[in-house]
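Asks: Handing you this structure, nothing more for now.
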Amino acid sequence: MTVPLVDWLRAQDDETLAALLRLRPDLAVPPPADVTVLATRAGIRASVHRASDDLDTVALAVLEALVVADADRVAAERAEIARLLGPDVTAAALDAALAALQARALVWGDEAGLRVVPAARDVVPAYPGNLGRRAGGPAASSELPGLLAGLPPEERRVLDALIAGPPIGRSRSAAEPDSPVGRLLAKGLLIRLDTETVELPQQVGIALRGDRPMGRIEATPPPLSTRERPVSQVDGTAGGAAMELLRRVERLVELWGTAPPTVLRSGGLGVRDLRRTARELETDEAGAALIVEVALAADLLGQSDSPNPDWLPTTAADAWSASGIEQRWVALARAWLELPRLPGLVGRRDDADRPINALSETLRRPVAPRDRKRVLAALADLPPGTAVTTPEALGDLLAWRAPRRGGRLRDEIVRWTLEEGTLIGVVALDALAEPGRALLAAAPGENGPVVAALRAVLPEPVDTVLLQADLTAVAPGPLVTALARELQLMADVESAGGATVYRFSEASVRRALDSGRSVTDLKDLLEAKSSTPVPQALTYLIEDVGRRHGRLRGGVASAFLRSDDEVLLSEVLAHPETAALELRRIAPTVAVSPAPLAELLDGLRAAGFSPAAEDASGGVLDLGPRGARTDPRRPRNRAVLADPSEERIDAVVAKMRAGDALAAARRGAGNALPANGSSHTLATLQEAARAQRQVWIGYVDGHGVQGERVLAPLTVGGGIVEGRDAVDGEVYRLPLHRITRIALIES
């Protein structure tokens, strides 16, 4: 007789329980108190559904066969399951499927008796194996083969129509005793559901199907059509895509920093703004949608803090721009891999027939990272340089591996992942590139291997450019970070690719001078970093812009100080305590300071002066405190789905074992008696210490919370018992007056 699930789980070792929690992490939240709680959770319908999502076609067929055999009610023999599955499922495939089901605690037992959790009946189709319900009478008797063999052709045609499934049929002649359906009902080979609906009994369907009682089962995965490509070509193409991604994101930050698009009332990015962004980034709308989504996920973009917010670059974008090429790409690639959204939906219409915009909440799909990683993992299973011929072929393989995953967008998610991965630089030519392979294998926060993989596929950074007479500079490869930053300051990117072309113009040179560079700095840099002589036209351009630059100057002042008394103003400027205010005289009666007005007035008052604030009209301005203010908006809490760590799993298993031990000790204690005074408690503890026995104790701690513990008393005296806990092995001290119930544990 098969033991209950809880006893089967309790008999497993710690490694098996830990593997179960890894496969079904929802069972560990919150940590179960003991194995009994674990077994209860393992049979909950929602948890069984989640656990079944990772099963392949054969494992689901085995689960279906177990339900057909009523293994949720009585034990089923392995031989019976093999007979139901037929010749399509080999013994090795059946063993592997049963091992997968047992590892998830969906099935337990041995060959002589297999059981399945009752909730499995809710996971399989309404008619498992496309078979009807069991019936009594002739359908369940040994006479069934003879009855079927002697059926007239018209009655056999009725049964043949129901063999493939579903086993339900409708016929107006069901109420006519002389009709073929009526005669089959009379023979017990059909079950009447209502006046026009009949059902083919399970036993009849199995008998008619011959050696395949559950029909044909696709027991082997569909072949995946592939083609071989040179590994260097795949990695080189991915490296080029990575560089192009970085260029486009940098352009996006620059574009939205100067002309930010408005956040729609419903959230998201407007269609016109997306089209404009696509034109500026030199890509299509789908590519632009992916780029802005990834930039937002990487925290390079955000909404401005205003009543009518805009999409703006964040301060993190500046730090990102200052980092190295590899670090910048890893930040974007990891943001895409973990993106809980589907950018591929942009441009479609939702269930309410409204357009789906980029950056809108309609794109949110919490399971998107899981599905994206499944596609990439399938590519990672192929040798380097091996590409899939079509997304459909890869989709068919994934559908066989997990038929319940993906939903109605399963095939499109495969195509989107390949297209998006190609733009990101993870996939190239429909094969997984080495940086993508490293990204998929790296743990969260482990960027070293990914950086190294990308560095290996990128051309070596160069520190020189080729200056040409048409006011352009050609970078024959990726530039070192410092040179790239300086060149982007003094020139504009005209075209990007394997060799980037920069164009110098009056506006670009002025931009460099505005940043604090001098004419000499620009000329010296170009002379030092150019492999060709600096063209005379470029020298003239820099010198001409430099002659006109800075003849008019503007500055910043947060506050001014004026006085009709020039002597008083001179006294203020000469006072040693006003030096920190950085006052600068710009007229006999006016001085300016970069300090805020309130800070300026406080500093002057601290120095012994009595200034007053004034508004634009010259009237006195009240700067008294108005009270503290706070931002009423709160950041949204984002749930992070993560697999439990090995340490946490081990702790949960240890806690369950401890809970089982405590429950066993409680049962061994029998009926624990109230601690009738300190003398009774003391006598019981002394007897346990003398006989080296364990004692079950119920107590109340210092906060009034009840607890229990199993102790092997070591010393008893002074109103304190000191003993070793039978569950965790630690030594505890417990005051006798806090013990409420006590009993010796029977050995």
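Residues in the structure tokens are numbered from 1 in each chain, the chains being A, B, ... in the order shown, and ligands are numbered from 1 in the order shown.
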Fewer than 6 positions away in the same chain doesn't count, so skip those; otherwise give me all residues within 10 Å of A:Pro32, counting only C-alpha atoms, as a PyMOL selection string.

Replies: chain A and resi 38-41+652-653+655-656+659

Asks: Write out as a list in words each polymer residue whose atoms come within 10 Å of A:Glu730, counting only C-alpha atoms; drop sequence neighbours fewer than 6 positions from it.

Replies: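 So the residues in contact are Leu711, Gly723 and Arg724 of chain A.
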
Asks: Neighbours of A:Asp565 within 9 Å (only C-alpha atoms; same-chain residues fewer than 4 positions away dropped), as a PyMOL selection string?

Replies: chain A and resi 569-570+589

Asks: Excluding A:Ala473 and its own-chain neighbours fewer than 6 positions away, which residues fall within 6 Å of it when counting only C-alpha atoms? Please give them as an NGL selection string.

Replies: :A and (466-467 or 501-502)

Asks: My list of candidates is A:Ile356, A:Thr226, A:Arg212, A:Gly43. Which is closest to A:Val271 when distances are computed with only C-alpha atoms?

Replies: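 Between A:Ile356, A:Thr226, A:Arg212, A:Gly43, the residue approaching A:Val271 most closely is A:Ile356.
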